[in-house]
$ cat coords32.cif   # mmCIF, C-alpha atoms
data_query
loop_
_atom_site.group_PDB
_atom_site.id
_atom_site.type_symbol
_atom_site.label_atom_id
_atom_site.label_comp_id
_atom_site.auth_asym_id
_atom_site.auth_seq_id
_atom_site.Cartn_x
_atom_site.Cartn_y
_atom_site.Cartn_z
ATOM 1 C CA MET A 1 35.728 20.815 -38.958
ATOM 2 C CA SER A 2 32.058 21.799 -39.225
ATOM 3 C CA ASP A 3 30.296 23.415 -36.285
ATOM 4 C CA THR A 4 28.263 20.248 -35.669
ATOM 5 C CA ALA A 5 31.348 18.044 -35.802
ATOM 6 C CA GLU A 6 33.115 20.342 -33.352
ATOM 7 C CA ARG A 7 30.163 20.156 -30.989
ATOM 8 C CA ALA A 8 30.251 16.361 -31.147
ATOM 9 C CA ALA A 9 33.963 16.367 -30.315
ATOM 10 C CA VAL A 10 33.467 18.786 -27.420
ATOM 11 C CA ALA A 11 30.518 16.772 -26.060
ATOM 12 C CA GLU A 12 32.674 13.650 -25.877
ATOM 13 C CA ARG A 13 35.678 15.488 -24.475
ATOM 14 C CA ALA A 14 33.584 17.198 -21.797
ATOM 15 C CA ALA A 15 31.767 13.981 -20.843
ATOM 16 C CA ARG A 16 35.065 12.123 -20.527
ATOM 17 C CA ALA A 17 36.489 14.862 -18.324
ATOM 18 C CA GLY A 18 33.464 14.910 -16.030
ATOM 19 C CA ALA A 19 33.331 11.126 -15.824
ATOM 20 C CA ALA A 20 37.003 11.021 -14.836
ATOM 21 C CA VAL A 21 36.305 13.331 -11.897
ATOM 22 C CA ALA A 22 33.342 11.226 -10.788
ATOM 23 C CA SER A 23 35.284 8.000 -11.246
ATOM 24 C CA GLU A 24 38.034 9.175 -8.895
ATOM 25 C CA ARG A 25 35.473 9.392 -6.089
ATOM 26 C CA PHE A 26 33.481 6.251 -6.950
ATOM 27 C CA ARG A 27 33.273 3.707 -4.124
ATOM 28 C CA SER A 28 34.909 6.154 -1.747
ATOM 29 C CA ASP A 29 33.630 7.418 1.573
ATOM 30 C CA ILE A 30 31.849 10.338 -0.040
ATOM 31 C CA ALA A 31 29.228 12.358 1.817
ATOM 32 C CA VAL A 32 25.682 12.027 0.469
ATOM 33 C CA GLU A 33 23.232 14.905 0.686
ATOM 34 C CA ARG A 34 19.515 14.943 -0.038
ATOM 35 C CA LYS A 35 18.051 17.465 -2.486
ATOM 36 C CA GLY A 36 14.587 16.172 -1.636
ATOM 37 C CA LYS A 37 12.913 13.207 -0.036
ATOM 38 C CA ASP A 38 13.889 10.849 -2.862
ATOM 39 C CA ASP A 39 16.830 12.599 -4.579
ATOM 40 C CA VAL A 40 20.486 12.530 -3.567
ATOM 41 C CA VAL A 41 23.558 14.518 -4.578
ATOM 42 C CA THR A 42 27.257 14.358 -3.746
ATOM 43 C CA GLU A 43 30.250 16.645 -4.118
ATOM 44 C CA ALA A 44 31.261 14.378 -6.998
ATOM 45 C CA ASP A 45 28.149 15.505 -8.915
ATOM 46 C CA ARG A 46 29.062 19.156 -8.413
ATOM 47 C CA ALA A 47 32.743 18.708 -9.184
ATOM 48 C CA ALA A 48 32.001 16.689 -12.315
ATOM 49 C CA GLN A 49 29.529 19.313 -13.558
ATOM 50 C CA ARG A 50 32.052 22.107 -13.025
ATOM 51 C CA THR A 51 34.623 20.118 -14.996
ATOM 52 C CA VAL A 52 32.176 19.489 -17.854
ATOM 53 C CA ILE A 53 31.293 23.179 -18.015
ATOM 54 C CA GLU A 54 34.968 24.187 -18.069
ATOM 55 C CA ALA A 55 35.572 21.890 -21.045
ATOM 56 C CA ILE A 56 32.584 23.323 -22.915
ATOM 57 C CA ARG A 57 33.471 26.931 -22.133
ATOM 58 C CA GLU A 58 36.926 26.499 -23.648
ATOM 59 C CA ALA A 59 35.341 25.934 -27.050
ATOM 60 C CA PHE A 60 31.943 27.638 -26.769
ATOM 61 C CA PRO A 61 32.168 30.354 -24.115
ATOM 62 C CA HIS A 62 28.850 32.024 -24.898
ATOM 63 C CA ASP A 63 26.486 29.044 -25.190
ATOM 64 C CA ALA A 64 23.744 28.446 -22.640
ATOM 65 C CA ILE A 65 24.284 25.666 -20.115
ATOM 66 C CA VAL A 66 21.459 23.484 -18.812
ATOM 67 C CA GLY A 67 22.680 21.491 -15.824
ATOM 68 C CA GLU A 68 21.192 19.366 -13.080
ATOM 69 C CA GLU A 69 23.307 20.734 -10.248
ATOM 70 C CA GLU A 70 23.933 24.148 -8.707
ATOM 71 C CA ASP A 71 22.550 27.323 -10.301
ATOM 72 C CA GLU A 72 22.645 26.419 -13.997
ATOM 73 C CA ARG A 73 19.441 26.951 -15.961
ATOM 74 C CA LYS A 74 16.965 24.067 -15.886
ATOM 75 C CA THR A 75 15.172 24.415 -19.233
ATOM 76 C CA VAL A 76 16.368 24.063 -22.818
ATOM 77 C CA PRO A 77 16.099 27.284 -24.859
ATOM 78 C CA ASP A 78 14.157 26.990 -28.111
ATOM 79 C CA GLU A 79 16.554 29.361 -29.851
ATOM 80 C CA GLY A 80 20.323 29.413 -30.005
ATOM 81 C CA ALA A 81 22.980 26.960 -28.922
ATOM 82 C CA ALA A 82 22.954 25.195 -25.564
ATOM 83 C CA TRP A 83 24.489 22.280 -23.702
ATOM 84 C CA VAL A 84 22.564 19.850 -21.502
ATOM 85 C CA ILE A 85 24.583 18.190 -18.737
ATOM 86 C CA ASP A 86 24.045 15.405 -16.244
ATOM 87 C CA PRO A 87 27.337 15.037 -14.339
ATOM 88 C CA ILE A 88 26.320 11.730 -12.747
ATOM 89 C CA ASP A 89 23.162 10.142 -14.063
ATOM 90 C CA GLY A 90 22.337 7.291 -11.724
ATOM 91 C CA THR A 91 23.577 8.931 -8.519
ATOM 92 C CA ASN A 92 21.603 6.444 -6.428
ATOM 93 C CA ASN A 93 23.548 3.649 -8.124
ATOM 94 C CA TYR A 94 26.778 5.622 -7.731
ATOM 95 C CA VAL A 95 26.452 6.060 -3.964
ATOM 96 C CA ARG A 96 25.594 2.365 -3.556
ATOM 97 C CA GLY A 97 28.730 1.317 -5.425
ATOM 98 C CA ILE A 98 26.740 0.013 -8.404
ATOM 99 C CA ARG A 99 28.534 0.521 -11.715
ATOM 100 C CA VAL A 100 25.492 1.660 -13.716
ATOM 101 C CA TRP A 101 26.011 5.438 -13.932
ATOM 102 C CA GLY A 102 27.461 7.879 -16.394
ATOM 103 C CA THR A 103 28.200 11.473 -17.356
ATOM 104 C CA ALA A 104 25.937 12.734 -20.145
ATOM 105 C CA VAL A 105 26.415 15.788 -22.356
ATOM 106 C CA ALA A 106 24.229 16.902 -25.263
ATOM 107 C CA ALA A 107 24.729 19.796 -27.668
ATOM 108 C CA VAL A 108 21.472 21.471 -28.711
ATOM 109 C CA VAL A 109 20.770 24.078 -31.391
ATOM 110 C CA ASP A 110 17.365 25.766 -31.547
ATOM 111 C CA GLY A 111 15.922 23.170 -29.184
ATOM 112 C CA GLU A 112 17.103 20.124 -31.137
ATOM 113 C CA PRO A 113 20.084 17.949 -30.185
ATOM 114 C CA VAL A 114 22.900 17.774 -32.723
ATOM 115 C CA ALA A 115 25.475 15.752 -30.769
ATOM 116 C CA ALA A 116 25.690 13.741 -27.574
ATOM 117 C CA ALA A 117 28.002 11.676 -25.412
ATOM 118 C CA THR A 118 27.510 9.517 -22.342
ATOM 119 C CA VAL A 119 30.605 8.145 -20.650
ATOM 120 C CA ALA A 120 30.134 5.238 -18.242
ATOM 121 C CA PRO A 121 33.639 4.681 -16.844
ATOM 122 C CA ALA A 122 32.709 1.930 -14.383
ATOM 123 C CA LEU A 123 31.212 -0.024 -17.295
ATOM 124 C CA ASP A 124 34.096 0.872 -19.630
ATOM 125 C CA ASP A 125 31.626 2.192 -22.213
ATOM 126 C CA VAL A 126 31.503 5.443 -24.154
ATOM 127 C CA TYR A 127 28.341 6.184 -26.119
ATOM 128 C CA THR A 128 28.307 8.993 -28.678
ATOM 129 C CA ALA A 129 26.093 10.319 -31.446
ATOM 130 C CA ASP A 130 26.632 12.865 -34.188
ATOM 131 C CA ALA A 131 25.087 13.892 -37.493
ATOM 132 C CA ASP A 132 26.069 10.591 -39.092
ATOM 133 C CA GLY A 133 25.063 7.995 -36.519
ATOM 134 C CA ALA A 134 25.484 6.573 -33.027
ATOM 135 C CA TYR A 135 28.429 4.666 -31.599
ATOM 136 C CA ARG A 136 29.535 2.560 -28.646
ATOM 137 C CA ASN A 137 33.258 2.680 -28.021
ATOM 138 C CA GLY A 138 33.722 4.057 -31.518
ATOM 139 C CA GLU A 139 31.802 1.280 -33.265
ATOM 140 C CA PRO A 140 28.444 1.990 -34.961
ATOM 141 C CA MET A 141 25.432 0.854 -32.962
ATOM 142 C CA THR A 142 21.879 0.175 -34.072
ATOM 143 C CA VAL A 143 18.647 -0.692 -32.316
ATOM 144 C CA SER A 144 17.558 -4.316 -32.168
ATOM 145 C CA ASP A 145 15.435 -5.929 -34.876
ATOM 146 C CA VAL A 146 13.122 -7.669 -32.383
ATOM 147 C CA ASP A 147 9.527 -7.344 -33.564
ATOM 148 C CA ASP A 148 7.809 -9.818 -31.241
ATOM 149 C CA PRO A 149 6.847 -8.443 -27.799
ATOM 150 C CA ARG A 150 7.357 -11.923 -26.344
ATOM 151 C CA ARG A 151 11.065 -11.515 -27.097
ATOM 152 C CA GLY A 152 11.339 -7.898 -25.961
ATOM 153 C CA ALA A 153 12.842 -6.416 -22.785
ATOM 154 C CA VAL A 154 11.686 -2.983 -21.625
ATOM 155 C CA ASP A 155 12.819 -0.672 -18.817
ATOM 156 C CA PRO A 156 10.304 1.516 -16.926
ATOM 157 C CA THR A 157 12.538 4.544 -16.453
ATOM 158 C CA LEU A 158 12.719 7.776 -14.444
ATOM 159 C CA TRP A 159 11.561 7.885 -10.835
ATOM 160 C CA TRP A 160 8.067 7.793 -9.411
ATOM 161 C CA ASP A 161 7.821 9.558 -6.035
ATOM 162 C CA PHE A 162 6.373 7.706 -3.077
ATOM 163 C CA ASP A 163 3.030 9.429 -3.588
ATOM 164 C CA SER A 164 2.923 7.986 -7.135
ATOM 165 C CA ARG A 165 3.762 4.371 -6.376
ATOM 166 C CA ASP A 166 0.492 3.211 -7.880
ATOM 167 C CA GLU A 167 1.774 4.540 -11.210
ATOM 168 C CA TYR A 168 5.135 2.851 -10.661
ATOM 169 C CA ALA A 169 3.329 -0.432 -10.014
ATOM 170 C CA ARG A 170 1.166 -0.016 -13.129
ATOM 171 C CA ALA A 171 4.269 0.737 -15.207
ATOM 172 C CA CYS A 172 5.872 -2.521 -14.098
ATOM 173 C CA GLU A 173 2.664 -4.465 -14.638
ATOM 174 C CA ALA A 174 2.196 -2.962 -18.104
ATOM 175 C CA VAL A 175 5.673 -4.125 -19.076
ATOM 176 C CA VAL A 176 5.511 -7.657 -17.689
ATOM 177 C CA ARG A 177 2.068 -8.266 -19.203
ATOM 178 C CA ARG A 178 3.182 -7.198 -22.690
ATOM 179 C CA PHE A 179 6.840 -8.156 -22.990
ATOM 180 C CA ASN A 180 9.180 -11.026 -22.282
ATOM 181 C CA ASP A 181 10.973 -9.283 -19.454
ATOM 182 C CA LEU A 182 11.517 -6.097 -17.472
ATOM 183 C CA ARG A 183 14.805 -4.382 -16.701
ATOM 184 C CA ARG A 184 15.281 -1.569 -14.200
ATOM 185 C CA LEU A 185 18.799 -0.123 -14.564
ATOM 186 C CA GLY A 186 18.238 3.013 -12.519
ATOM 187 C CA ALA A 187 19.961 5.501 -14.834
ATOM 188 C CA ALA A 188 18.016 6.838 -17.818
ATOM 189 C CA GLN A 189 21.137 8.024 -19.620
ATOM 190 C CA ILE A 190 22.447 4.459 -19.526
ATOM 191 C CA VAL A 191 19.080 2.917 -20.402
ATOM 192 C CA LEU A 192 18.617 5.061 -23.516
ATOM 193 C CA PRO A 193 21.973 4.226 -25.150
ATOM 194 C CA THR A 194 21.357 0.599 -24.227
ATOM 195 C CA VAL A 195 18.214 0.774 -26.372
ATOM 196 C CA ALA A 196 20.307 2.419 -29.091
ATOM 197 C CA ALA A 197 22.808 -0.438 -28.908
ATOM 198 C CA GLY A 198 20.134 -3.147 -29.084
ATOM 199 C CA GLY A 199 20.372 -4.330 -25.480
ATOM 200 C CA LEU A 200 16.779 -3.325 -24.747
ATOM 201 C CA GLU A 201 13.785 -2.980 -27.044
ATOM 202 C CA GLY A 202 12.358 0.025 -25.247
ATOM 203 C CA THR A 203 11.984 2.243 -22.234
ATOM 204 C CA LEU A 204 8.964 4.169 -21.008
ATOM 205 C CA SER A 205 7.553 6.604 -18.511
ATOM 206 C CA ASN A 206 4.426 8.720 -18.177
ATOM 207 C CA LEU A 207 6.443 11.457 -16.474
ATOM 208 C CA ARG A 208 7.984 14.594 -17.935
ATOM 209 C CA ALA A 209 11.699 13.875 -18.112
ATOM 210 C CA ASN A 210 14.251 16.420 -17.012
ATOM 211 C CA PRO A 211 16.341 17.371 -20.048
ATOM 212 C CA TRP A 212 19.560 16.202 -18.409
ATOM 213 C CA ASP A 213 18.022 12.756 -17.959
ATOM 214 C CA SER A 214 16.880 12.386 -21.533
ATOM 215 C CA VAL A 215 18.108 14.661 -24.331
ATOM 216 C CA ALA A 216 21.474 12.986 -24.967
ATOM 217 C CA GLY A 217 20.087 9.457 -24.873
ATOM 218 C CA VAL A 218 17.048 10.180 -27.028
ATOM 219 C CA PHE A 219 19.326 11.616 -29.703
ATOM 220 C CA MET A 220 21.425 8.437 -29.604
ATOM 221 C CA VAL A 221 18.355 6.243 -30.022
ATOM 222 C CA ARG A 222 17.160 8.205 -33.028
ATOM 223 C CA GLN A 223 20.603 8.191 -34.622
ATOM 224 C CA ALA A 224 20.695 4.419 -34.107
ATOM 225 C CA GLY A 225 17.390 3.952 -35.947
ATOM 226 C CA GLY A 226 14.959 3.960 -33.030
ATOM 227 C CA ARG A 227 11.938 6.074 -32.196
ATOM 228 C CA ALA A 228 10.957 8.417 -29.350
ATOM 229 C CA THR A 229 7.512 9.911 -28.750
ATOM 230 C CA ASP A 230 5.394 11.418 -26.010
ATOM 231 C CA LEU A 231 2.288 9.768 -24.571
ATOM 232 C CA ALA A 232 0.197 11.050 -27.476
ATOM 233 C CA GLY A 233 2.487 9.320 -29.951
ATOM 234 C CA ASP A 234 3.904 12.611 -31.222
ATOM 235 C CA ARG A 235 7.618 13.178 -31.710
ATOM 236 C CA TRP A 236 9.321 13.579 -28.330
ATOM 237 C CA ARG A 237 11.095 16.821 -27.464
ATOM 238 C CA HIS A 238 12.715 18.156 -24.322
ATOM 239 C CA ASP A 239 9.469 19.520 -22.845
ATOM 240 C CA SER A 240 7.181 16.580 -23.693
ATOM 241 C CA THR A 241 5.016 14.755 -21.190
ATOM 242 C CA GLY A 242 5.914 11.095 -21.185
ATOM 243 C CA LEU A 243 8.978 9.383 -22.607
ATOM 244 C CA VAL A 244 8.282 6.438 -24.909
ATOM 245 C CA VAL A 245 11.352 5.046 -26.660
ATOM 246 C CA SER A 246 11.724 1.891 -28.710
ATOM 247 C CA ASN A 247 13.559 0.113 -31.477
ATOM 248 C CA GLY A 248 10.716 1.200 -33.775
ATOM 249 C CA HIS A 249 9.418 -2.303 -34.418
ATOM 250 C CA LEU A 250 7.688 -2.490 -31.027
ATOM 251 C CA HIS A 251 6.780 1.156 -30.595
ATOM 252 C CA ASP A 252 3.020 0.648 -30.604
ATOM 253 C CA GLU A 253 3.324 -1.917 -27.824
ATOM 254 C CA VAL A 254 5.671 0.268 -25.750
ATOM 255 C CA LEU A 255 3.326 3.220 -26.241
ATOM 256 C CA ALA A 256 0.342 1.135 -25.115
ATOM 257 C CA ALA A 257 2.246 0.129 -21.990
ATOM 258 C CA ALA A 258 3.102 3.756 -21.215
ATOM 259 C CA ARG A 259 -0.499 4.841 -21.655
ATOM 260 C CA ALA A 260 -1.665 2.048 -19.349
ATOM 261 C CA ILE A 261 0.197 3.709 -16.481
ATOM 262 C CA GLU A 262 -2.537 6.325 -16.372
ATOM 263 C CA ASP A 263 -5.214 3.961 -17.652
ATOM 264 C CA ARG A 264 -5.169 5.641 -21.044
ATOM 265 C CA GLU A 265 -5.668 2.230 -22.667
#
$ encode --input "coords32.cif" --output "structure tokens"
Amino acid sequence: MSDTAERAAVAERAARAGAAVASERFRSDIAVERKGKDDVVTEADRAAQRTVIEAIREAFPHDAIVGEEEDERKTVPDEGAAWVIDPIDGTNNYVRGIRVWGTAVAAVVDGEPVAAATVAPALDDVYTADADGAYRNGEPMTVSDVDDPRRGAVDPTLWWDFDSRDEYARACEAVVRRFNDLRRLGAAQIVLPTVAAGGLEGTLSNLRANPWDSVAGVFMVRQAGGRATDLAGDRWRHDSTGLVVSNGHLHDEVLAAARAIEDRE
């Protein structure tokens, strides 16, 4: 097995293990803590992250770990091998008993993802991507072929704080004025593979995405034939400002909508 293939296998194995831990506590009387005014965390997040890390360390004990919770590093190194983890993406959905959440793991080498997995146990879906393509439940997935904005559905993703609600409102307006419909799933690492699988034509934000919210899913979209850029239209990477993702056919329209959030167009 090549190094990249091994990383893909470990990403899926680790994501499955973390998701199983989170699933055991889903819809239970779990205590909810606040990391900030608008951000929540539970013991399930921490336990799932520890389980993911244990699975990775068994195979790659010396790689860097980038994780949302606890004291793991928060930035992706530009050199060497690393793993980017979100133990429960969509925690706000999780604590409300909404099924749209998942455990995301990405393997990165020299700043670029080489494998990814997002396991959504409450939805019974497993999304993966490797050097050869992207898959949902083991079957190849591709972005949609929709090329008419009037048939497109787009999700304004990530979270705008209460002091940025004017931007949130402009994001929603930009979508509904340009596309057939708006979706708001509330979990970026579910939204991105949904674009990869053709369920959405795009997702957008003017914000800088945390790597755990984005790296795995962006890799899936690209491996499924889609496109991801920053607000300038340049190729997206883990430290970009703005997240503009599409099926490729509608990228100019999704980019225009993202730029409209800050009145760039």
$ resolve_selection --input "coords32.cif" --expression "the PyMOL selection byres ((chain A and resi 7) around 10)" --output "MDAnalysis selection string"
chainID A and resid 1:6 8:13 56 59:60 83 106:108 114:116 130
$ atom_distance --input "coords32.cif" --atom1 "CA of Ser214 in chain A" --atom2 "CA of Asp29 in chain A"
29.0 Å
$ atom_distance --input "coords32.cif" --atom1 "CA of Ile53 in chain A" --atom2 "CA of Ala15 in chain A"
9.6 Å
$ residues_near_point --input "coords32.cif" --point "(14.8, -5.9, -35.1)" --cutoff "9 Å" --atoms "all atoms listed in the file" --output "list in words"
Val143, Ser144, Asp145, Val146, Asp147, Asp148, Gly198, Glu201, Asn247, Gly248, His249 and Leu250 of chain A
$ write_last_selection --input "coords32.cif" --atoms "C-alpha atoms" --output "mmCIF file, keeping the file's coordinate frame"
data_model
loop_
_atom_site.group_PDB
_atom_site.id
_atom_site.type_symbol
_atom_site.label_atom_id
_atom_site.label_comp_id
_atom_site.auth_asym_id
_atom_site.auth_seq_id
_atom_site.Cartn_x
_atom_site.Cartn_y
_atom_site.Cartn_z
ATOM 1 C CA VAL A 143 18.647 -0.692 -32.316
ATOM 2 C CA SER A 144 17.558 -4.316 -32.168
ATOM 3 C CA ASP A 145 15.435 -5.929 -34.876
ATOM 4 C CA VAL A 146 13.122 -7.669 -32.383
ATOM 5 C CA ASP A 147 9.527 -7.344 -33.564
ATOM 6 C CA ASP A 148 7.809 -9.818 -31.241
ATOM 7 C CA GLY A 198 20.134 -3.147 -29.084
ATOM 8 C CA GLU A 201 13.785 -2.980 -27.044
ATOM 9 C CA ASN A 247 13.559 0.113 -31.477
ATOM 10 C CA GLY A 248 10.716 1.200 -33.775
ATOM 11 C CA HIS A 249 9.418 -2.303 -34.418
ATOM 12 C CA LEU A 250 7.688 -2.490 -31.027
#
$ residues_around --input "coords32.cif" --residues "Gly133 in chain A" --least-positions-apart "2" --cutoff "9 Å" --atoms "only C-alpha atoms" --output "VMD selection string"
chain A and resid 128 to 131 135 140 to 142 220 222 to 225
$ atom_distance --input "coords32.cif" --atom1 "CA of Tyr127 in chain A" --atom2 "CA of Leu200 in chain A"
15.0 Å
$ residues_near_point --input "coords32.cif" --point "(29.7, 5.5, -18.1)" --cutoff "8 Å" --atoms "all atoms listed in the file" --output "list of chain:residue names"
A:Ala19, A:Val100, A:Trp101, A:Gly102, A:Thr103, A:Thr118, A:Val119, A:Ala120, A:Pro121, A:Ala122, A:Leu123, A:Asp124, A:Asp125, A:Val126, A:Ile190
$ resolve_selection --input "coords32.cif" --expression "the PyMOL selection byres ((chain A and resi 32) around 10)" --output "PyMOL selection string"
chain A and resi 29-31+33-35+40-44+91-92+95
$ residues_around --input "coords32.cif" --residues "Thr75 in chain A" --least-positions-apart "5" --cutoff "12 Å" --atoms "only C-alpha atoms" --output "PyMOL selection string"
chain A and resi 64-68+82-85+108+111+209-212+215+237-239
$ resolve_selection --input "coords32.cif" --expression "the PyMOL selection byres ((chain A and resi 69) around 8)" --output "VMD selection string"
chain A and resid 45 to 46 49 67 to 68 70 to 72
$ write_last_selection --input "coords32.cif" --atoms "C-alpha atoms" --output "PDB file, in the frame of the given file"
ATOM      1  CA  ASP A  45      28.149  15.505  -8.915  1.00  0.00           C
ATOM      2  CA  ARG A  46      29.062  19.156  -8.413  1.00  0.00           C
ATOM      3  CA  GLN A  49      29.529  19.313 -13.558  1.00  0.00           C
ATOM      4  CA  GLY A  67      22.680  21.491 -15.824  1.00  0.00           C
ATOM      5  CA  GLU A  68      21.192  19.366 -13.080  1.00  0.00           C
ATOM      6  CA  GLU A  70      23.933  24.148  -8.707  1.00  0.00           C
ATOM      7  CA  ASP A  71      22.550  27.323 -10.301  1.00  0.00           C
ATOM      8  CA  GLU A  72      22.645  26.419 -13.997  1.00  0.00           C
TER       9      GLU A  72
END
$ build_atoms --input "coords32.cif" --residues "range 255-263 of chain A" --atoms "all heavy atoms" --output "mmCIF file, in the coordinates of the input"
data_model
loop_
_atom_site.group_PDB
_atom_site.id
_atom_site.type_symbol
_atom_site.label_atom_id
_atom_site.label_comp_id
_atom_site.auth_asym_id
_atom_site.auth_seq_id
_atom_site.Cartn_x
_atom_site.Cartn_y
_atom_site.Cartn_z
ATOM 1 N N LEU A 255 4.222 2.086 -26.459
ATOM 2 C CA LEU A 255 3.326 3.220 -26.241
ATOM 3 C C LEU A 255 2.077 2.788 -25.475
ATOM 4 O O LEU A 255 1.617 3.487 -24.557
ATOM 5 C CB LEU A 255 2.949 3.841 -27.584
ATOM 6 C CG LEU A 255 2.026 5.061 -27.545
ATOM 7 C CD1 LEU A 255 2.632 6.187 -26.724
ATOM 8 C CD2 LEU A 255 1.732 5.532 -28.974
ATOM 9 N N ALA A 256 1.516 1.643 -25.823
ATOM 10 C CA ALA A 256 0.342 1.135 -25.115
ATOM 11 C C ALA A 256 0.664 0.886 -23.648
ATOM 12 O O ALA A 256 -0.154 1.174 -22.754
ATOM 13 C CB ALA A 256 -0.163 -0.141 -25.778
ATOM 14 N N ALA A 257 1.847 0.366 -23.376
ATOM 15 C CA ALA A 257 2.246 0.129 -21.990
ATOM 16 C C ALA A 257 2.377 1.443 -21.228
ATOM 17 O O ALA A 257 1.947 1.554 -20.074
ATOM 18 C CB ALA A 257 3.564 -0.643 -21.959
ATOM 19 N N ALA A 258 2.951 2.454 -21.870
ATOM 20 C CA ALA A 258 3.102 3.756 -21.215
ATOM 21 C C ALA A 258 1.748 4.381 -20.923
ATOM 22 O O ALA A 258 1.529 4.964 -19.849
ATOM 23 C CB ALA A 258 3.951 4.674 -22.089
ATOM 24 N N ARG A 259 0.834 4.263 -21.858
ATOM 25 C CA ARG A 259 -0.499 4.841 -21.655
ATOM 26 C C ARG A 259 -1.261 4.105 -20.549
ATOM 27 O O ARG A 259 -2.096 4.698 -19.853
ATOM 28 C CB ARG A 259 -1.280 4.788 -22.954
ATOM 29 C CG ARG A 259 -0.795 5.800 -23.998
ATOM 30 C CD ARG A 259 -1.499 5.620 -25.311
ATOM 31 N NE ARG A 259 -1.252 6.735 -26.219
ATOM 32 C CZ ARG A 259 -1.614 6.751 -27.496
ATOM 33 N NH1 ARG A 259 -2.229 5.691 -28.020
ATOM 34 N NH2 ARG A 259 -1.356 7.807 -28.263
ATOM 35 N N ALA A 260 -0.981 2.824 -20.379
ATOM 36 C CA ALA A 260 -1.665 2.048 -19.349
ATOM 37 C C ALA A 260 -1.303 2.519 -17.944
ATOM 38 O O ALA A 260 -2.059 2.248 -16.995
ATOM 39 C CB ALA A 260 -1.337 0.569 -19.510
ATOM 40 N N ILE A 261 -0.192 3.215 -17.797
ATOM 41 C CA ILE A 261 0.197 3.709 -16.481
ATOM 42 C C ILE A 261 -0.885 4.627 -15.916
ATOM 43 O O ILE A 261 -1.167 4.622 -14.725
ATOM 44 C CB ILE A 261 1.551 4.439 -16.554
ATOM 45 C CG1 ILE A 261 2.642 3.492 -17.030
ATOM 46 C CG2 ILE A 261 1.906 5.037 -15.200
ATOM 47 C CD1 ILE A 261 3.960 4.186 -17.346
ATOM 48 N N GLU A 262 -1.472 5.420 -16.793
ATOM 49 C CA GLU A 262 -2.537 6.325 -16.372
ATOM 50 C C GLU A 262 -3.901 5.860 -16.879
ATOM 51 O O GLU A 262 -4.816 6.649 -17.048
ATOM 52 C CB GLU A 262 -2.228 7.737 -16.874
ATOM 53 C CG GLU A 262 -0.947 8.306 -16.283
ATOM 54 C CD GLU A 262 -0.655 9.706 -16.765
ATOM 55 O OE1 GLU A 262 -1.368 10.188 -17.670
ATOM 56 O OE2 GLU A 262 0.270 10.328 -16.225
ATOM 57 N N ASP A 263 -3.978 4.571 -17.159
ATOM 58 C CA ASP A 263 -5.214 3.961 -17.652
ATOM 59 C C ASP A 263 -5.710 4.640 -18.914
ATOM 60 O O ASP A 263 -6.914 4.791 -19.139
ATOM 61 C CB ASP A 263 -6.316 4.012 -16.577
ATOM 62 C CG ASP A 263 -5.967 3.153 -15.365
ATOM 63 O OD1 ASP A 263 -5.361 2.097 -15.557
ATOM 64 O OD2 ASP A 263 -6.302 3.570 -14.245
#
